[in-house]
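Next up, query30.cif (mmCIF, C-alpha atoms):
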data_my_file
#
loop_
_atom_site.group_PDB
_atom_site.id
_atom_site.type_symbol
_atom_site.label_atom_id
_atom_site.label_comp_id
_atom_site.auth_asym_id
_atom_site.auth_seq_id
_atom_site.Cartn_x
_atom_site.Cartn_y
_atom_site.Cartn_z
ATOM 1 C CA MET L 4 -14.588 -49.886 11.021
ATOM 2 C CA ILE L 5 -11.535 -47.616 10.745
ATOM 3 C CA GLU L 6 -10.715 -45.270 13.571
ATOM 4 C CA VAL L 7 -8.225 -42.418 13.212
ATOM 5 C CA ALA L 8 -6.752 -41.164 16.465
ATOM 6 C CA GLN L 9 -3.709 -39.273 17.647
ATOM 7 C CA ILE L 10 -1.317 -41.407 19.679
ATOM 8 C CA GLY L 11 1.030 -40.342 22.446
ATOM 9 C CA GLU L 12 4.596 -41.400 23.261
ATOM 10 C CA ALA L 13 3.327 -44.286 25.411
ATOM 11 C CA GLN L 14 2.023 -46.026 22.258
ATOM 12 C CA PHE L 15 5.014 -45.339 19.960
ATOM 13 C CA GLY L 16 6.622 -48.714 20.706
ATOM 14 C CA LEU L 17 3.480 -50.582 19.660
ATOM 15 C CA TYR L 18 3.408 -48.803 16.303
ATOM 16 C CA ASP L 19 7.189 -49.186 15.829
ATOM 17 C CA ALA L 20 6.627 -52.966 15.868
ATOM 18 C CA ILE L 21 4.356 -52.887 12.783
ATOM 19 C CA PRO L 22 6.427 -53.803 9.685
ATOM 20 C CA SER L 23 6.317 -51.244 6.894
ATOM 21 C CA ARG L 24 7.351 -53.610 4.106
ATOM 22 C CA PHE L 25 5.630 -56.082 1.818
ATOM 23 C CA THR L 26 6.394 -58.357 -1.126
ATOM 24 C CA VAL L 27 5.235 -57.103 -4.517
ATOM 25 C CA ARG L 28 4.071 -59.922 -6.778
ATOM 26 C CA SER L 29 1.832 -57.904 -9.099
ATOM 27 C CA LEU L 30 0.988 -54.355 -10.116
ATOM 28 C CA PHE L 31 -2.218 -52.754 -11.367
ATOM 29 C CA ARG L 32 -2.305 -51.064 -14.749
ATOM 30 C CA VAL L 33 -4.982 -48.379 -15.174
ATOM 31 C CA GLU L 34 -6.965 -48.679 -18.403
ATOM 32 C CA PRO L 35 -9.405 -45.865 -19.260
ATOM 33 C CA ILE L 36 -12.872 -46.870 -20.448
ATOM 34 C CA GLY L 37 -14.328 -44.688 -23.192
ATOM 35 C CA GLY L 38 -11.382 -42.303 -23.083
ATOM 36 C CA GLY L 39 -11.755 -42.022 -19.314
ATOM 37 C CA LEU L 40 -15.351 -40.790 -19.527
ATOM 38 C CA GLY L 41 -16.676 -44.273 -18.746
ATOM 39 C CA GLY L 42 -14.406 -44.770 -15.746
ATOM 40 C CA PHE L 43 -11.280 -46.825 -15.363
ATOM 41 C CA ARG L 44 -10.467 -50.511 -15.222
ATOM 42 C CA LEU L 45 -7.625 -51.927 -13.123
ATOM 43 C CA ILE L 46 -5.760 -54.771 -14.795
ATOM 44 C CA GLU L 47 -3.583 -56.843 -12.471
ATOM 45 C CA GLN L 48 -0.257 -57.831 -13.988
ATOM 46 C CA PRO L 49 2.337 -60.077 -12.340
ATOM 47 C CA VAL L 50 5.847 -58.617 -12.042
ATOM 48 C CA ALA L 51 8.665 -60.581 -13.698
ATOM 49 C CA VAL L 52 10.643 -60.781 -10.449
ATOM 50 C CA PRO L 53 8.877 -60.267 -7.097
ATOM 51 C CA PHE L 54 10.553 -57.710 -4.826
ATOM 52 C CA VAL L 55 10.228 -56.288 -1.320
ATOM 53 C CA LYS L 56 8.917 -52.726 -1.010
ATOM 54 C CA THR L 57 9.833 -50.964 2.220
ATOM 55 C CA TYR L 58 8.924 -47.581 3.599
ATOM 56 C CA GLY L 59 11.897 -47.562 5.961
ATOM 57 C CA GLU L 60 12.520 -49.054 9.345
ATOM 58 C CA ASP L 61 11.852 -45.905 11.335
ATOM 59 C CA GLY L 62 8.528 -45.530 13.077
ATOM 60 C CA PRO L 63 6.794 -43.068 15.384
ATOM 61 C CA SER L 64 9.678 -43.094 17.891
ATOM 62 C CA GLU L 65 11.985 -41.722 15.190
ATOM 63 C CA TRP L 66 9.386 -39.365 13.719
ATOM 64 C CA ALA L 67 8.989 -37.634 17.081
ATOM 65 C CA ARG L 68 12.665 -36.596 17.032
#
What is this file in structure tokens?
Amino acid sequence: MIEVAQIGEAQFGLYDAIPSRFTVRSLFRVEPIGGGLGGFRLIEQPVAVPFVKTYGEDGPSEWAR
């Protein structure tokens, strides 16, 4: 179950500790079925050179400023 809740400053440190980066080893290519009218198929394709994707090191403590 997923719960969405507003957090206060007391919890910012906990969320700051969650890494916002991951290693990309593959991507998904979208392939339409029947010109898109039959839906879409996701085709996983490995990347030639894996890389690290990051969304920055700042977390809720920085966002609040």
Long-range neighbours of L:Thr57 as a PyMOL selection string, 9 Å cut-off, all atoms listed in the file, 2 positions minimum in chain: chain L and resi 22-26+55+59-60
Apply the PyMOL selection byres ((chain L and resi 18) around 12) to the displayed file and report the matching residues as a list in words. Gln9, Ile10, Gly11, Glu12, Ala13, Gln14, Phe15, Gly16, Leu17, Asp19, Ala20, Ile21, Pro22, Ser23, Glu60, Asp61, Gly62, Pro63, Ser64, Glu65 and Trp66 of chain L
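Straight-line separation from atom CA of L:Val33 to atom CA of L:Ile5: 26.7 Å.
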>> Taking the file as I've supplied it (selection: the PyMOL selection byres ((chain L and resi 53) around 6)), which residues are included? Please answer as a PyMOL selection string.
In response: chain L and resi 27-28+52+54
| message | Could you list, as a ChimeraX atom specification, every residue within 10 Å of L:Arg44, counting all atoms listed in the file and ignoring same-chain residues fewer than 2 positions away? | response | /L:31-36,39,41-42,46-47
Determine the axis-aligned bounding box of all atoms of stretch 25-43 of chain L present in the file, pad each side by 3 Å, and express its centre and edge lengths in Å to one decimal place as AutoDock Vina command-line options.
--center_x -5.1 --center_y -50.4 --center_z -10.7 --size_x 29.1 --size_y 25.1 --size_z 31.0
Using all atoms listed in the file, the best pick from L:Lys56, L:Val7, L:Arg68, L:Pro49 as closest to L:Ser29 would be L:Pro49
